[in-house]
Amino acid sequence: MIKRSYWLLIGLLFSFSTLIADSTLKKDACVSCHIEVDEENDDEDKIVSYYKSDLHVKLGFSCADCHGGDPEAYDDEDEAMWENDTFIGVIEKEEQLEVCGKCHSNPVFMRQYSTDIKVDQVTQYLTSGHGIALENGNENVAVCSSCHGVHGILPVDDPRAPVYAKNIPKTCSKCHSDETVMFESGLPTNQFTEYEMSVHGMALLDRGDIGAPACNDCHGNHGASPPYVSNVDQICGTCHSNNKDLFQKSHLNDIFLSKGLGQCEACHGNHDIAKPTDEFLNWADESTCKPCHEDSHPAKALALSFYQTIDSLKTGLEHARKMVEKAEHKGMIVSNLLFDLDDAKKALIHTRTNIHSFNKAFVDTGAAPGFQSIQAAIIGAKESLEEVEYRKKGLFIFSLIITFFVIAIGFKINEWKKQRESASN
Amino acid sequence: MKIYEWINERVDISSIKKIALKKRVPIFYGTIWYYLGGVSLFLFMIQVFTGILLVLYYQPGAETAYESVKFIISRVEFGWLIREVHSWSANLFILFVFFHMFTVFFAKAYRKPREMTWISGMILLLLSLGFGFSGYLLPWNELAYFATKVGSDIAGAIPIIGDFALRLLRSGDEVSGATLTRFYGIHTALLPGIFTVMLGLHLILVQVQGMSVPPEIEKIPEKERKSIPFFPDFALQDAMAWLIVLNIIALLAVFFPWELGPKADPLASAPAGIRPEWYFMFMFQTLKYIPAHVLFIEGELFGILLFSIGGFIWFMVPFLDKKAHEGIRTPFWTWFGILLIIYMIVFTAWGYLT
Amino acid sequence: MSQTKRSEVKKERRSFLNTLLKTGLVAWVASVIYPVARFLIPPKMAKLNVSSIEVGLISDFPKSSSKIVRFGRKPIIVIRKESGDFKALEATCTHLDCNVQFKSETEQIWCACHNGLYDIEGKNISGPPPKPLAQFKVDIAREKIIVSQMDLS
């Protein structure tokens, strides 16, 4: 054994000198040995190479802090692992809560690293869908490592981390889009495909707006569970606070609850929330009112009046924008009018929010400034276009004068010429 | 007439009148060339006139320049017209100066005794380009800002004095509000002063030496050559040309206004398609396609060297083209001019098409 | 016969031509002078609002109140804190394009569109906004509140 370690040390010094050159790596029997094992096995999963980037290693933890064993036992494999009481080796799923929780559930310990660090992950986890299933003996569920990774765990704000906001949908979909994993639970597997196409998915994944919600923003992180019909408004309301407030105050709130409809979800859906269109309000195919309301119900008139208000704001804004653009194309300065257009656009957004009050008077009052701004922009654009005509007229008169003057000069030159000719004759 | 006599009693202006009345303009296939110098002069006068008007409202400075130009074109009555006329006339001015220069070149009008007229004209051309370069920045819009940045960078490539020249031009290491103030001073005080003196010299030389004719026409005995008096015939014809040019400028001002674009933001990244004014395009394009290293010299430096040598040769044409003084056209100089025009047109077009 | 008549016609024509010429000259001079004269008259809105704007008197702002004003192309929010101090910030939320509003009870700035929250210094503290609101300088001169661009340096 001693001999072998010697060779091992020499081998380390030569062939892996680059790896151990990193000063953050403590001299550690587990590392020195496992590098060689990895190499020998030609294992794809080179634990030790991940290990270097691991947050825990950077903070000074060693393999033994999770896996147990004796990292000082350079000379004896048995002494380092099998014969050591603390040695755990491979950490099974059900053991993870205990191993990770050893530190992460200990406020006193965690406080060394950050004063406001959370220590409720394990408690939360136990209340989650994942946690409950695990308690019931189902090992086919996500545990800490399923989301955070195993060796090479990165902090949540590292863009390479699987739990970084932008990476979360992919991370969850690893299991939730896999029918073989989901089969037992009977859960659907289309959430990711739906989410990807949704307004939130596009904002997060395509535009990289990390303010947009990923899976965890609605379902929770460690306590992941589906929101219920009764609290879906609170969850959407985290960001869409105005819509939530208006809806809660509206007469529809109680009716929805009594019928078991999710306040937001009933019209907007969940994973596949598309950018809402104004057609939701039109009394046609895409109407979100029609599934419940008969044609004879006053809801039809209300929806159509909302539709009309929004539509006339929209078409008015479009018309105003076109006129302003026309004036701009003709070289006029329209920056003041762009302001009016901005204001009108804001009023349109505002009105689309206000319809969640399901109150006609409220919606109309909110839309009024929008119409005013549209009018102001149209009048301004018209003035600009009239100015263009004025300039053309001026140019026309100026050209006439010059033409007239030039012709007169021409005649004069001619006259002089003739005069000179007759004089010389 | 009374005023004339009153002045004449005190200062002898009748001799000037005599010279003016004696002046004749030769009539031949190239008479139309004689308008080019006059139109350039007229355009310069428009520049002075509209320039003075613009100064009444313009406020130099990074915070105010763009806004004041915007104010002029949107709030001041006919402000748009004055600004458009100034911009259009500036461009036409450079165009006509180029036409003027090349017709003079091919008519070999630079030959003895008019070497000084050519040199003064070349100085006027350089000053005009200086007017263009400094005036382009004054509206402080994005395009001008970056074009100035790139343009003044070239000064930095000059060996030894490069850094100093760059700092002198920019009034600091970067194009900033200080540069704008400096360019304003150059554009409205320094250049007009020098230009007026040079222009006076140029015009006096033209008057004293009379109109030049190409060597071929000069060989015809004087009595057989046709001509018309400058006063009043040609002067009125000049006036007609000027009025037509003025009308064209008004037309361009109304139908093809120059865009102001967004305000310059030193922190923003350069927009796509920054280009200098069209008359710098051929040089810009050449510098762009010169390889990074030519022999042992840096590409940009090589370009500057090339332009300096080329410019110097062009400047010294009256002294280099000795045969011209005897009225002989050497193919070398004819081809030199033709190739120069082809090069300028091709590179300018290339610059705009890519 | 008509030597005299012919020269008379000629004279007439000449004086007619001279009148035309004079009319042309006068019309041309007038057409140039008119726009120039109009240009010289300073426009009613003679002030350029560029690097700073006046947003009103101190008395226009009760404590814990705010006002959204235009600063060039940008809307900005001018706030008078409970302490009486003024604060001016860009009013467009850094998340999307909504205008923010001042919440006087907590002295915070809030964007209603996606519930973004900034502290009174404009720092984003919760919700989707990715960065703080841009700051503007507030000066008070003779009871007047003047908002200006922050120096870049």
# chains A, B, ... in the order shown; residues from 1 in each chain; ligands from 1
>>> closest_atom_pairs(of="chain A", to="chain C", cutoff="9 Å", atoms="only C-alpha atoms", output="Markdown table")
| residue | atom | partner | partner_atom | distance |
| --- | --- | --- | --- | --- |
| A:Asp209 | CA | C:Pro128 | CA | 8.3 |
| A:Ile210 | CA | C:Pro128 | CA | 7.3 |
| A:Gly211 | CA | C:Pro128 | CA | 3.8 |
| A:Ala212 | CA | C:Pro128 | CA | 6.7 |
| A:Pro213 | CA | C:Pro128 | CA | 8.8 |
| A:Gly237 | CA | C:Asn115 | CA | 8.3 |
| A:Thr238 | CA | C:Asn115 | CA | 6.8 |
| A:Cys239 | CA | C:His114 | CA | 4.2 |
| A:His240 | CA | C:His114 | CA | 5.1 |
| A:Ser241 | CA | C:Asn115 | CA | 5.9 |
| A:Asn242 | CA | C:Ala112 | CA | 6.1 |
| A:Asn243 | CA | C:Cys113 | CA | 8.8 |
| A:Ser335 | CA | C:Arg73 | CA | 7.4 |
| A:Asn336 | CA | C:Arg73 | CA | 8.1 |
| A:Leu338 | CA | C:Arg73 | CA | 8.7 |
| A:Phe339 | CA | C:Arg73 | CA | 7.2 |
| A:Lys346 | CA | C:Cys98 | CA | 7.0 |
| A:Ile349 | CA | C:Cys98 | CA | 8.8 |
| A:His350 | CA | C:Cys113 | CA | 8.7 |
| A:Thr353 | CA | C:Cys113 | CA | 8.7 |
| A:Ile397 | CA | C:Ser31 | CA | 8.6 |
| A:Phe398 | CA | C:Ser31 | CA | 6.5 |
| A:Ile401 | CA | C:Trp28 | CA | 6.1 |
| A:Ile402 | CA | C:Trp28 | CA | 6.6 |
| A:Phe404 | CA | C:Gly24 | CA | 6.4 |
| A:Phe405 | CA | C:Gly24 | CA | 4.5 |
| A:Val406 | CA | C:Gly24 | CA | 8.2 |
| A:Ile407 | CA | C:Leu21 | CA | 8.9 |
| A:Ala408 | CA | C:Leu21 | CA | 5.4 |
| A:Ile409 | CA | C:Leu21 | CA | 6.6 |
| A:Phe411 | CA | C:Leu17 | CA | 7.5 |
| A:Lys412 | CA | C:Leu17 | CA | 7.0 |
| A:Glu415 | CA | C:Arg14 | CA | 8.1 |
>>> interface_residues(of="chain B", to="chain C", cutoff="12 Å", atoms="only C-alpha atoms", output="tab-separated table (two decimals) with N, CA and C atoms, in the first residue's frame")
chain	number	residue	atom	x	y	z
B	46	ILE	N	-24.19	82.87	-49.90
B	46	ILE	CA	-25.36	82.32	-49.21
B	46	ILE	C	-24.94	81.74	-47.86
B	49	PHE	N	-24.42	84.48	-45.39
B	49	PHE	CA	-25.70	85.08	-45.02
B	49	PHE	C	-26.52	84.17	-44.10
B	50	THR	N	-26.73	82.92	-44.52
B	50	THR	CA	-27.53	82.01	-43.68
B	50	THR	C	-26.78	81.66	-42.41
B	52	ILE	N	-24.81	83.58	-40.66
B	52	ILE	CA	-25.00	84.67	-39.69
B	52	ILE	C	-26.39	84.54	-39.06
B	53	LEU	N	-27.38	84.21	-39.88
B	53	LEU	CA	-28.74	84.07	-39.34
B	53	LEU	C	-28.81	82.92	-38.32
B	54	LEU	N	-28.15	81.81	-38.64
B	54	LEU	CA	-28.21	80.67	-37.73
B	54	LEU	C	-27.52	80.97	-36.40
B	55	VAL	N	-26.45	81.72	-36.46
B	55	VAL	CA	-25.72	82.06	-35.24
B	55	VAL	C	-26.62	82.81	-34.25
B	56	LEU	N	-27.63	83.50	-34.78
B	56	LEU	CA	-28.52	84.26	-33.89
B	56	LEU	C	-29.27	83.35	-32.91
B	57	TYR	N	-29.50	82.08	-33.30
B	57	TYR	CA	-30.24	81.19	-32.41
B	57	TYR	C	-29.43	80.00	-31.91
B	58	TYR	N	-28.37	79.68	-32.63
B	58	TYR	CA	-27.61	78.49	-32.27
B	58	TYR	C	-26.86	78.68	-30.95
B	59	GLN	N	-26.86	77.62	-30.13
B	59	GLN	CA	-26.11	77.68	-28.87
B	59	GLN	C	-25.14	76.52	-28.81
B	61	GLY	N	-22.42	73.81	-27.37
B	61	GLY	CA	-22.35	73.14	-26.08
B	61	GLY	C	-23.08	71.81	-26.15
B	62	ALA	N	-22.54	70.82	-25.47
B	62	ALA	CA	-23.09	69.46	-25.56
B	62	ALA	C	-24.54	69.41	-25.11
B	63	GLU	N	-24.92	70.29	-24.19
B	63	GLU	CA	-26.27	70.23	-23.64
B	63	GLU	C	-27.27	71.03	-24.49
B	64	THR	N	-26.75	71.98	-25.24
B	64	THR	CA	-27.67	72.90	-25.90
B	64	THR	C	-27.66	72.84	-27.42
B	65	ALA	N	-26.56	72.35	-28.00
B	65	ALA	CA	-26.41	72.44	-29.46
B	65	ALA	C	-27.57	71.75	-30.19
B	66	TYR	N	-27.79	70.49	-29.85
B	66	TYR	CA	-28.82	69.73	-30.55
B	66	TYR	C	-30.19	70.36	-30.34
B	67	GLU	N	-30.45	70.74	-29.10
B	67	GLU	CA	-31.75	71.32	-28.77
B	67	GLU	C	-31.96	72.64	-29.49
B	68	SER	N	-30.88	73.43	-29.62
B	68	SER	CA	-31.07	74.72	-30.27
B	68	SER	C	-31.30	74.54	-31.77
B	69	VAL	N	-30.64	73.55	-32.37
B	69	VAL	CA	-30.89	73.29	-33.79
B	69	VAL	C	-32.34	72.84	-33.97
B	70	LYS	N	-32.78	71.98	-33.07
B	70	LYS	CA	-34.16	71.51	-33.11
B	70	LYS	C	-35.13	72.68	-32.93
B	71	PHE	N	-34.74	73.56	-32.04
B	71	PHE	CA	-35.54	74.75	-31.79
B	71	PHE	C	-35.63	75.59	-33.06
B	72	ILE	N	-34.49	75.76	-33.70
B	72	ILE	CA	-34.47	76.57	-34.93
B	72	ILE	C	-35.41	75.97	-35.97
B	73	ILE	N	-35.33	74.64	-36.16
B	73	ILE	CA	-36.11	74.08	-37.26
B	73	ILE	C	-37.57	73.81	-36.88
B	74	SER	N	-37.88	73.81	-35.60
B	74	SER	CA	-39.28	73.54	-35.28
B	74	SER	C	-40.03	74.75	-34.70
B	75	ARG	N	-39.32	75.67	-34.08
B	75	ARG	CA	-40.01	76.77	-33.40
B	75	ARG	C	-39.84	78.12	-34.11
B	76	VAL	N	-38.65	78.36	-34.62
B	76	VAL	CA	-38.41	79.66	-35.25
B	76	VAL	C	-39.04	79.65	-36.63
B	77	GLU	N	-39.78	80.70	-36.95
B	77	GLU	CA	-40.42	80.77	-38.26
B	77	GLU	C	-39.37	80.78	-39.36
B	78	PHE	N	-39.56	79.96	-40.32
B	78	PHE	CA	-38.64	79.80	-41.45
B	78	PHE	C	-37.26	79.35	-41.01
B	79	GLY	N	-37.15	78.93	-39.74
B	79	GLY	CA	-35.86	78.43	-39.27
B	79	GLY	C	-35.45	77.21	-40.08
B	80	TRP	N	-36.44	76.36	-40.35
B	80	TRP	CA	-36.16	75.16	-41.16
B	80	TRP	C	-35.54	75.56	-42.49
B	81	LEU	N	-36.07	76.65	-43.08
B	81	LEU	CA	-35.61	77.08	-44.41
B	81	LEU	C	-34.15	77.52	-44.35
B	82	ILE	N	-33.87	78.34	-43.35
B	82	ILE	CA	-32.51	78.86	-43.23
B	82	ILE	C	-31.52	77.71	-43.03
B	83	ARG	N	-31.90	76.77	-42.15
B	83	ARG	CA	-31.00	75.65	-41.90
B	83	ARG	C	-30.84	74.77	-43.13
B	85	VAL	N	-31.27	75.60	-46.26
B	85	VAL	CA	-30.50	76.31	-47.29
B	85	VAL	C	-29.02	76.27	-46.94
B	236	LEU	N	-24.94	89.78	-66.06
B	236	LEU	CA	-26.37	89.43	-65.98
B	236	LEU	C	-26.59	87.94	-66.20
B	239	ALA	N	-25.92	86.40	-63.07
B	239	ALA	CA	-27.06	86.60	-62.16
B	239	ALA	C	-28.15	85.58	-62.46
B	240	MET	N	-28.38	85.31	-63.76
B	240	MET	CA	-29.38	84.30	-64.10
B	240	MET	C	-29.00	82.94	-63.53
B	243	LEU	N	-29.54	82.85	-59.81
B	243	LEU	CA	-30.96	82.76	-59.43
B	243	LEU	C	-31.47	81.34	-59.62
B	246	LEU	N	-30.22	79.27	-56.87
B	246	LEU	CA	-30.97	79.58	-55.64
B	246	LEU	C	-32.32	78.87	-55.64
B	247	ASN	N	-32.94	78.84	-56.82
B	247	ASN	CA	-34.23	78.17	-56.91
B	247	ASN	C	-34.07	76.67	-56.67
B	250	ALA	N	-33.78	76.07	-53.01
B	250	ALA	CA	-35.08	76.17	-52.33
B	250	ALA	C	-35.89	74.90	-52.56
B	262	PRO	N	-31.15	61.34	-34.14
B	262	PRO	CA	-31.10	61.41	-32.68
B	262	PRO	C	-29.89	62.19	-32.18
B	263	LYS	N	-30.00	62.67	-30.96
B	263	LYS	CA	-28.93	63.45	-30.34
B	263	LYS	C	-27.71	62.56	-30.08
B	265	ASP	N	-24.89	60.71	-28.27
B	265	ASP	CA	-24.74	60.18	-26.93
B	265	ASP	C	-23.36	59.53	-26.84
B	266	PRO	N	-22.42	60.20	-26.17
B	266	PRO	CA	-21.05	59.68	-26.14
B	266	PRO	C	-20.96	58.28	-25.55
B	267	LEU	N	-21.96	57.89	-24.76
B	267	LEU	CA	-21.87	56.57	-24.12
B	267	LEU	C	-22.46	55.48	-24.98
>>> interface_residues(of="chain A", to="chain B", cutoff="7 Å", atoms="only C-alpha atoms", output="list in words")
Gly331, Ile333, Arg391, Lys392, Leu395, Ser399, Ile402, Val406, Ile409 and Ile413 of chain A
>>> residues_around(residues="Arg111 of chain B", least_positions_apart="3", cutoff="9 Å", atoms="only C-alpha atoms", output="PyMOL selection string")
chain B and resi 108+114-115+118+317-319+321-327
>>> residues_around(residues="segment 368-378 of chain A", least_positions_apart="3", cutoff="7 Å", atoms="only C-alpha atoms", output="PyMOL selection string")
chain A and resi 313+316-317+320+323+337+340-341+343-344+347-348+364-365+381-382
>>> residues_around(residues="Lys288 of chain B", least_positions_apart="3", cutoff="10 Å", atoms="only C-alpha atoms", output="JSON, numbers by chain")
{"B": [282, 283, 284, 285, 291, 292, 299, 300, 303, 351]}
>>> residues_around(residues="Ser59 of chain C", least_positions_apart="2", cutoff="10 Å", atoms="only C-alpha atoms", output="count of residues only")
8
>>> atom_distance(atom1="atom CA of Ser384 of chain A", atom2="atom CA of Glu318 of chain A")
17.6 Å
>>> residues_around(residues="Val25 of chain B", least_positions_apart="2", cutoff="8 Å", atoms="only C-alpha atoms", output="list in words")
Lys23, Ile27, Thr31, Met211, Ser227, Ile228, Pro229, Phe230 and Phe234 of chain B
>>> select_by_dssp(residues="segment 43-127 of chain C", states="strand (DSSP E)", output="VMD selection string")
chain C and resid 52 to 57 65 to 71 74 to 80 86 to 90 101 to 103 108 to 111 116 to 118 124 to 126
>>> closest_residue(among="A:Cys264, A:Cys175, A:Ala299, A:Ile35", to="Ala142 of chain A", atoms="only C-alpha atoms")
A:Cys175
